[in-house]
Structures are given as structure tokens and as C-alpha cells.
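Chemist: Have a peek at work.cif (mmCIF, C-alpha atoms).
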```
data_query
#
loop_
_atom_site.label_atom_id
_atom_site.label_comp_id
_atom_site.auth_asym_id
_atom_site.auth_seq_id
_atom_site.Cartn_x
_atom_site.Cartn_y
_atom_site.Cartn_z
CA MET R 1 -48.28 -5.43 57.61
CA ALA R 2 -45.19 -7.47 56.75
CA LEU R 3 -44.63 -9.27 53.45
CA ASN R 4 -44.97 -12.68 55.10
CA GLN R 5 -48.44 -11.73 56.37
CA HIS R 6 -49.73 -10.74 52.93
CA THR R 7 -52.33 -13.11 51.49
CA PHE R 8 -53.47 -13.54 47.90
CA ASN R 9 -56.96 -12.28 47.13
CA PRO R 10 -58.44 -14.12 44.13
CA ASN R 11 -61.07 -11.39 43.63
CA ASN R 12 -58.35 -8.78 43.10
CA SER R 13 -57.27 -10.02 39.67
CA LYS R 14 -59.31 -10.00 36.49
CA LYS R 15 -58.51 -12.15 33.47
CA ARG R 16 -57.45 -10.19 30.41
CA LYS R 17 -59.67 -10.18 27.34
CA ARG R 18 -58.27 -12.63 24.79
CA ILE R 19 -59.06 -11.41 21.31
CA GLY R 20 -59.11 -13.36 18.06
CA ARG R 21 -60.55 -16.53 19.59
CA GLY R 22 -63.63 -16.99 17.41
CA ASP R 23 -66.90 -15.13 16.84
CA SER R 24 -68.60 -16.55 19.92
CA SER R 25 -65.97 -14.99 22.21
CA GLY R 26 -67.33 -11.50 21.42
CA SER R 27 -64.08 -10.29 19.91
CA GLY R 28 -63.38 -12.64 17.02
CA SER R 29 -63.41 -12.00 13.28
CA PHE R 30 -61.77 -8.53 13.12
CA SER R 31 -60.69 -8.67 16.79
CA GLY R 32 -61.88 -5.19 17.69
CA ARG R 33 -59.76 -3.48 15.03
CA GLY R 34 -62.51 -2.60 12.57
CA MET R 35 -62.66 -3.81 8.98
CA LYS R 36 -60.09 -1.88 6.96
CA GLY R 37 -57.52 0.82 7.29
CA GLN R 38 -54.03 1.43 8.61
CA ASN R 39 -54.77 0.43 12.20
CA SER R 40 -56.42 -2.87 11.20
CA ARG R 41 -53.28 -4.24 9.52
CA SER R 42 -50.52 -6.04 11.30
CA GLY R 43 -47.68 -3.62 12.02
CA GLY R 44 -50.06 -0.77 11.23
CA GLY R 45 -50.58 2.45 13.12
CA VAL R 46 -48.87 5.81 13.13
CA ARG R 47 -46.01 7.15 15.18
CA LEU R 48 -46.48 9.38 18.21
CA GLY R 49 -47.44 12.94 17.22
CA PHE R 50 -48.46 12.03 13.65
CA GLU R 51 -51.31 14.20 12.33
CA GLY R 52 -52.14 12.58 9.00
CA GLY R 53 -49.44 14.37 7.01
CA GLN R 54 -50.15 17.83 8.45
CA ILE R 55 -47.07 19.45 10.01
CA SER R 56 -47.20 18.09 13.54
CA LEU R 57 -47.58 20.30 16.59
CA ILE R 58 -44.10 19.50 17.84
CA LYS R 59 -42.64 20.93 14.60
CA ARG R 60 -44.95 23.96 14.52
CA LEU R 61 -44.29 25.11 18.08
CA PRO R 62 -40.72 26.41 17.75
CA SER R 63 -41.72 28.79 14.96
CA MET R 64 -44.67 30.04 17.01
CA ARG R 65 -43.25 30.65 20.43
CA GLY R 66 -39.58 31.46 20.09
CA PHE R 67 -37.27 30.82 23.02
CA ASN R 68 -37.90 31.81 26.64
CA ASN R 69 -34.92 31.61 28.94
CA ILE R 70 -36.29 30.51 32.31
CA PHE R 71 -33.06 31.50 34.07
CA LYS R 72 -33.05 35.15 32.92
CA VAL R 73 -33.06 37.70 35.74
CA HIS R 74 -35.33 40.71 35.23
CA TYR R 75 -34.17 43.89 37.01
CA SER R 76 -35.95 47.01 38.19
CA ILE R 77 -34.01 49.80 36.46
CA VAL R 78 -33.37 53.28 37.86
CA ASN R 79 -31.24 55.98 36.21
CA ILE R 80 -29.22 58.70 37.94
CA ASP R 81 -31.46 61.50 36.66
CA SER R 82 -34.41 59.76 38.34
CA LEU R 83 -32.45 59.61 41.61
CA ASN R 84 -31.89 63.38 41.38
CA GLU R 85 -35.64 63.97 41.09
CA LEU R 86 -36.62 61.50 43.81
CA PHE R 87 -33.89 62.44 46.30
CA PRO R 88 -32.88 66.08 45.63
CA ASN R 89 -30.84 66.27 48.87
CA GLY R 90 -29.12 62.95 48.31
CA GLY R 91 -29.11 60.28 50.99
CA GLU R 92 -29.49 56.53 51.05
CA VAL R 93 -30.98 54.86 47.99
CA SER R 94 -32.09 51.24 48.18
CA LEU R 95 -34.83 49.04 46.81
CA GLU R 96 -37.00 49.67 49.87
CA THR R 97 -36.63 53.46 49.76
CA LEU R 98 -37.48 53.51 46.04
CA VAL R 99 -40.66 51.53 46.74
CA GLU R 100 -41.56 53.94 49.57
CA VAL R 101 -41.26 57.04 47.35
CA GLY R 102 -43.24 55.29 44.60
CA ALA R 103 -40.54 54.97 41.96
CA LEU R 104 -40.96 51.18 41.91
CA LYS R 105 -44.15 49.18 42.38
CA ASN R 106 -42.73 46.23 44.31
CA ALA R 107 -39.51 44.96 45.79
CA ASN R 108 -39.64 41.53 44.14
CA LYS R 109 -37.16 42.25 41.35
CA PRO R 110 -33.49 43.07 42.04
CA LEU R 111 -32.36 46.67 41.47
CA LYS R 112 -29.98 47.92 38.79
CA VAL R 113 -28.72 51.51 38.60
CA LEU R 114 -27.84 52.94 35.16
CA GLY R 115 -25.83 56.05 34.32
CA ARG R 116 -28.18 58.36 32.37
CA GLY R 117 -27.93 61.92 33.68
CA GLU R 118 -25.53 63.72 36.02
CA VAL R 119 -25.23 63.44 39.81
CA ALA R 120 -26.56 66.49 41.68
CA ALA R 121 -26.15 65.24 45.27
CA GLN R 122 -24.30 62.67 47.37
CA PHE R 123 -25.95 59.26 47.21
CA THR R 124 -25.31 56.13 49.22
CA VAL R 125 -26.62 53.52 46.81
CA LYS R 126 -27.34 49.92 47.85
CA THR R 127 -28.07 47.97 44.68
CA HIS R 128 -27.84 44.48 43.23
CA LYS R 129 -26.13 45.69 40.06
CA CYS R 130 -24.66 48.95 38.87
CA SER R 131 -23.31 49.96 35.48
CA ALA R 132 -19.73 51.18 35.27
CA SER R 133 -20.77 54.69 34.16
CA ALA R 134 -23.27 55.00 37.02
CA ARG R 135 -20.67 53.87 39.57
CA SER R 136 -18.08 56.35 38.31
CA LYS R 137 -20.59 59.24 38.30
CA ILE R 138 -21.87 58.51 41.82
CA GLU R 139 -18.35 58.15 43.24
CA ALA R 140 -17.20 61.30 41.42
CA GLY R 141 -20.09 63.16 43.07
CA GLY R 142 -18.89 62.07 46.51
CA GLY R 143 -21.28 59.15 47.00
CA THR R 144 -20.75 55.44 47.48
CA VAL R 145 -22.06 52.35 45.75
CA GLN R 146 -22.59 49.16 47.74
CA VAL R 147 -23.40 46.04 45.69
CA ILE R 148 -25.59 43.57 47.59
CA SER R 149 -25.94 40.00 46.48
#
```
Could the structure of this file be written out as C-alpha cells, please?

Modeler:
Amino acid sequence: MALNQHTFNPNNSKKRKRIGRGDSSGSGSFSGRGMKGQNSRSGGGVRLGFEGGQISLIKRLPSMRGFNNIFKVHYSIVNIDSLNELFPNGGEVSLETLVEVGALKNANKPLKVLGRGEVAAQFTVKTHKCSASARSKIEAGGGTVQVIS
């Protein structure tokens, strides 16, 4: 349908209720505002979020919830001593192999290798992040560290 084909439908519009036009109109006298109080006065009413003098929710929330950074990346963490237990003969270590041996529950989080413990075998580590101490220990033990993005 084009704009030039559009027709006006008189049944589509409803007249607004005009208040303060006498008692016989159904909304005269106090005009639907009640008899007394802050909201019955001209210019009356309270601002958005006002709770009658109680500390409003918007002011209470920061002290309750703290700050949650929605951009923070949570890593699955594995230490070198855990790698020695899981892979005593060395070999390739990646997120998928750690899930297969049961060290991690799922492969949704990126992997980070930390340097607690000493290297007992040669590891080929494919990880998203690696601490400097872990990298130096793995490379000193004859392994390699490959950082994947």
C-alpha cells in the first residue's frame, strides 16, 4: 500500500478525556486527582525514583552489589606440577587434551598455564596465556610453548 492510497478511518481515533470541565462531565471538581495531598496540587508530584524520603533503590544498589566487570576474561588454570601428574611422559598439552584426561570440565574457557612446580618431561604446550615463569621452566626442560589467540 502506498501513502497516496491510504485513507482516513474515523473509527480509528478516540477523543481524549477532557478533565476539569464541570461536575456533569464525570471528571470535574477535583479532576481525578483526589482531594488533598502532594499529587493534587499544581506542580505537585515526586521525582522519578523517589521513595518518600527512604534512601532510594538507585542509591542503595551500589553498596549492595559492588562492581562486576562484564569484559573480564575468566581462564581455566593449570600448573606445571599438574601437567607432570597428568602427562608423566610429556607430550602435547592443549585445552582439548586436558578435557579428555579430566583435568578440566569443559573447553569453554581459555587456558592459562602457571609455573608452580618443576618440569619432569618435555611438553609441547598450546595455550591461550602462559606466565613468564611457566614458559621459562617448560623451555628449560626442552619443551615448547605455543600461544594461540

Chemist: Grab the atom CA of R:Gly90 to atom CA of R:Val119 distance for me, in Å with one decimal place.

Modeler: 9.4 Å

Chemist: To one decimal place in Å, what is the distance between atom CA of R:Phe123 and atom CA of R:Leu95?

Modeler: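 It comes out at 13.5 Å.
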
Chemist: Kindly resolve the PyMOL selection byres ((chain R and resi 129) around 8) on the present coordinates and return the residues as a list in words.

Modeler: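 Selected by the PyMOL selection byres ((chain R and resi 129) around 8) in this file: Leu111, Lys112, Val113, Thr127, His128, Cys130, Ser131, Val147 and Ile148 of chain R.
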
Chemist: Using Å and a single decimal, report how far atom CA of R:Ala132 sits from atom CA of R:Gln146.

Modeler: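 Atom CA of R:Ala132 lies 13.0 Å from atom CA of R:Gln146.
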
Chemist: How would you write, as a compact mmCIF listing (two decimals) with C-alpha atoms, keeping the file's coordinate frame, the residues chosen by the PyMOL selection byres ((chain R and resi 133) around 12) on this structure?

Modeler:
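And here is the file that came out, expr-v6.txt:
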```txt
# COMPACT_ATOMS: atom_id res chain seq x y z
CA ASN R 79 -31.24 55.98 36.21
CA ILE R 80 -29.22 58.70 37.94
CA VAL R 113 -28.72 51.51 38.60
CA LEU R 114 -27.84 52.94 35.16
CA GLY R 115 -25.83 56.05 34.32
CA ARG R 116 -28.18 58.36 32.37
CA GLY R 117 -27.93 61.92 33.68
CA GLU R 118 -25.53 63.72 36.02
CA VAL R 119 -25.23 63.44 39.81
CA CYS R 130 -24.66 48.95 38.87
CA SER R 131 -23.31 49.96 35.48
CA ALA R 132 -19.73 51.18 35.27
CA ALA R 134 -23.27 55.00 37.02
CA ARG R 135 -20.67 53.87 39.57
CA SER R 136 -18.08 56.35 38.31
CA LYS R 137 -20.59 59.24 38.30
CA ILE R 138 -21.87 58.51 41.82
CA GLU R 139 -18.35 58.15 43.24
CA ALA R 140 -17.20 61.30 41.42
CA VAL R 145 -22.06 52.35 45.75
```

Chemist: Which residues are close to stretch 27-38 of chain R, i.e. within 12 Å by all atoms listed in the file, leaving aside same-chain residues fewer than 6 positions away? Reply as a list in words.

Modeler: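 Returned residues: Lys17, Arg18, Ile19, Gly20, Arg21, Gly44, Gly45, Val46, Arg47 and Gly52 of chain R.
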
Chemist: Pick out the closest residue to R:Glu96 from this set: R:Val125, R:Asn84, R:Glu51, R:Thr7. Count all atoms listed in the file.

Modeler: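 Nearest candidate to R:Glu96 out of R:Val125, R:Asn84, R:Glu51, R:Thr7: R:Val125.
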
Chemist: Which is closer to R:Asn106 than all the others in R:Lys126, R:Lys59, R:Glu85, R:Tyr75, using only C-alpha atoms?

Modeler: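 Ranked by minimum distance to R:Asn106, first place goes to R:Tyr75.
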
Chemist: So, with all atoms listed in the file as the atoms that count, which of R:Gly26, R:Met1, R:Leu98, R:Ile55 lies closest to R:Ile77?

Modeler: R:Leu98
